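Worksheet: the structure to be examined is printed underneath.
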Amino acid sequence: MLPDAAGAVSARAAAKPDEAAVIRAVQRGDQDAFEQLVRAYDHSVLRLAMNLLRSPEDARDVYQEAFLRVYRNIHTFRFDCSFHTWLYRIVTNICLDHLRKRKVRREEAAVVDTADGPVDRMDSFEEEAALADPERRLWNSQVSIRIQTALGELTPRERMVFELRHYQGMRLRAIGDVLGTSEEAAKNCLFRATQKMRAVLGDLI
Amino acid sequence: MNCEEVTKALPLYYYGELEGEVEEGVEDHLQSCASCQTEQERQRALAAALDRHALAPGADLLAGCRHELARAIYREDTPAVRRTASDPWGLFREAFHSLWHPGIRLAQPAGAVALLALGFFAARFTGGSFSGASFSGLAPDSIISSIRSVQPDNTGRVQISLDETRRRVVSGRLDDENIRRLLLAAAREQDNPGVRVESVGLLKDQCNSAETRSMLLEAVLHDPNPGVRLKALEGLKSFATDPEVRRTLAQVLLKDQNPGVRIQVIDLLITHQDAATIGVLQTLVGKEDNGYVRMRCQNALRDMNASLGTF
Ligand SMILES: [Zn+2]
């Protein structure tokens with residue numbers, strides 16, 4: 001689990017007692033409370049969208065649509081699951097739609113062809129310490145392209161489960177809850193995802 | 001557990017998602033099997049490579065998203081009919097948006113604090129008791145600003161489409177730019193003269209900007225409430241020598257229906273003598289029907305050694 005994912009989880013747990021009060025205030029139409037709620041979750045939502053879609057424009061769209069849906073529908077939230085689960089149901093639905101559309105269009109938005117061969121255009125967003133070392137940099141960009149290819153092999157659902165488990169540090173049970181499936185099914189998704197990735201990345205790792 | 005079973009279980013083992021018994025089995029096997037330890041290393045290497053591949057959205061992207069969201073929500077909350085350019089709402093919206101912009105927070109509990117519950121969304125229909133109807137989605141303290149459509153269906157139910165608005169409270173110091181912009185918008189708030197009096201009263205002491213000055217001129221000329229016009233006149237005292245202000249004051253003097261306002265305009269105009277003022281006062285004496293105002297006007301002309309009429 002990534003350190004910041006772990007941080008996000010514990011911060012969420014610590015914020016729980018206040019959260020219900022904030023949500024009730026949002027339901028009464030309190031704009032400040034809505035802002036507070038957005039700020040508590042929006043960073044991890046954006047990070048999820050960014051890593052899944054690997055495009056800042058698409059991540060922006062997901063962010064906007066997700067929180068607008070929250071704003072429009074918060075009155076239907078009845079506290080029968082955690083707000084995090086409720087929010088992530090919305091976010092994952094929007095992201096899955098994006099991923100499925102992309103599959104249909106057969107478009108690999110993240111990898112673009114340049115004169116030097118295919119390059120992950122998200123490289124410019126990554127600050128790597130190894131950037132100064134040309135050999136290491138070449139190696140990293142090779143791995144990066146291979147990882148991108150590996151992730152491209154996954155079905156949108158496998159991709160989502162993997163993203164939520166590996167990068168967002170969510171438990172499989174919670175992931176099943178969010179995606180409307182069983183823990184067992186989420187487990188199978190994660191297993192298939194790692195198998196596929198190892199098949200593509202096998203010789204590199 | 002044999003090697004094949006353990007290899008299959010390793011990904012879930014890595015993520016700590018195995019059941020207790022199976023997990024123990026994997027651990028036992030790993031202690032004594034070199035080839036499965038190699039597999040475990042490859043699982044770790046895969047995870048590490050994926051970690052390096054992770055993207056972290058920058059602060060700029062996050063700030064941009066928050067800003068866009070605030071705008072989108074404000075568009076949702078603002079009835080379309082009010083969404084015209086160059087209206088006073090524009091000011092309010094700008095100020096409102098800037099509240100959301102990172103780095104600008106209003107609450108600073110020190111010094112003179114203006115606390116405004118702005119009644120910008122004047123209620124044409126207010127939520128009373130709606131017993132027997134289904135109002136899913138209508139927040140308890142929301143205000144219905146307008147009804148868009150009414151559609152009966154053949155089951156005896158009616159679908160009403162309405163615009164719902166919400167109130168929020170902001171607070172900050174008077175010298176805060178956002179508060180000032182809100183006050184400028186509030187000074188033009190059509191439906192609530194109380195809000196206008198209060199806002200003009202607060203702004204008149206801060207009128208070092210062209211924006212404030214033109215708001216005061218606008219108020220003194222066009223505000224239907226004499227209390228607001230009087231407050232605006234107080235604010236214009238420091239501009240009594242400005243030619244544009246004097247032209248406006250002359251206009252007000254000849255057309256304003258309120259004697260109190262006319263008296264205050266006279267007092268303002270005579271602090272600075274010029275030919276135009278004498279002409280305006282002479283015109284007023286000829287048409288003024290309030291005895292006291294006429295007397296003040298005559299005294300002023302006498303003080304300036306001018307004749308009492310244009311006849
Ligand atoms: Zn073994």
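Naming scheme: A, B, ... for chains in displayed order of the structure tokens; residues 1 onward per chain; ligands 1 onward as shown.
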Residue hits in chain A, query chain B, radius 6 Å, only C-alpha atoms, as a VMD selection string: chain A and resid 28 to 29 47 51 64 75 205
Ligand 1 neighbours within 8 Å using only C-alpha atoms and all ligand atoms, as a list in words: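 The distance check yields Asn2, Cys3, Glu4, Val6, Thr7, His29, Leu30, Ser32, Cys33, Ala34, Ser35, Cys36 and Gln37 of chain B.
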Nearby residues (only C-alpha atoms) at most 9 Å from Val161 of chain A, same-chain spacing under 5 positions excluded, as JSON, numbers by chain: {"A": [156, 166, 172, 175, 176, 179, 186, 187, 189, 190, 193]}
Take the selection from the previous step and output its residues with C-alpha atoms, as an mmCIF file, in the first residue's frame.
```cif
data_model
loop_
_atom_site.group_PDB
_atom_site.id
_atom_site.type_symbol
_atom_site.label_atom_id
_atom_site.label_comp_id
_atom_site.auth_asym_id
_atom_site.auth_seq_id
_atom_site.Cartn_x
_atom_site.Cartn_y
_atom_site.Cartn_z
ATOM 1 C CA PRO A 156 -12.263 -1.994 -17.128
ATOM 2 C CA HIS A 166 -3.132 -1.147 -5.135
ATOM 3 C CA LEU A 172 -11.419 -6.020 -1.279
ATOM 4 C CA ILE A 175 -14.236 -2.609 -3.185
ATOM 5 C CA GLY A 176 -16.946 -5.229 -3.685
ATOM 6 C CA LEU A 179 -18.699 -1.984 -7.309
ATOM 7 C CA ALA A 186 -13.306 -8.665 -6.340
ATOM 8 C CA LYS A 187 -10.664 -11.162 -5.227
ATOM 9 C CA CYS A 189 -10.591 -9.644 -10.424
ATOM 10 C CA LEU A 190 -7.455 -8.718 -8.495
ATOM 11 C CA ALA A 193 -5.247 -8.461 -13.000
#
```
Distance query Asp267 of chain B at most 9 Å, only C-alpha atoms, self and fewer than 5 positions along chain excluded, as a VMD selection string: chain B and resid 262 296 300
Export of prior selection with C-alpha atoms as a CSV table (one decimal), in the first residue's frame:
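Saved result, result.csv, follows:
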```csv
chain,number,residue,atom,x,y,z
B,262,ARG,CA,-32.9,67.9,-1.3
B,296,ARG,CA,-32.6,77.0,2.8
B,300,ALA,CA,-27.6,79.7,0.4
```
Contacts of Ile263 of chain B within 12 Å, only C-alpha atoms, excl. fewer than 6 positions in-chain, as a VMD selection string: chain B and resid 230 233 249 to 250 252 to 254 256 to 257 269 to 270 281 284 288 290 to 300
Residues within 8 Å of segment 238-248 of chain B, only C-alpha atoms, excluding chain neighbours under 6 positions, as number ranges by chain: B: 217, 221, 268-269, 271-272
Counting only C-alpha atoms, the residue of A:Tyr71, A:Tyr88, A:Phe34, A:Tyr63 that sits nearest Gln168 of chain A: A:Tyr88
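Residue nearest Met160 of chain A within the list A:Ser82, A:Leu204, A:Ser141, A:Leu53: A:Leu53 [criterion: smallest interatomic distance, only C-alpha atoms].
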Coordinates-based distance that separates atom CA of Ile179 of chain B from atom CA of Val261 of chain B (Å, one decimal):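 Distance between the two atoms: 28.1 Å.
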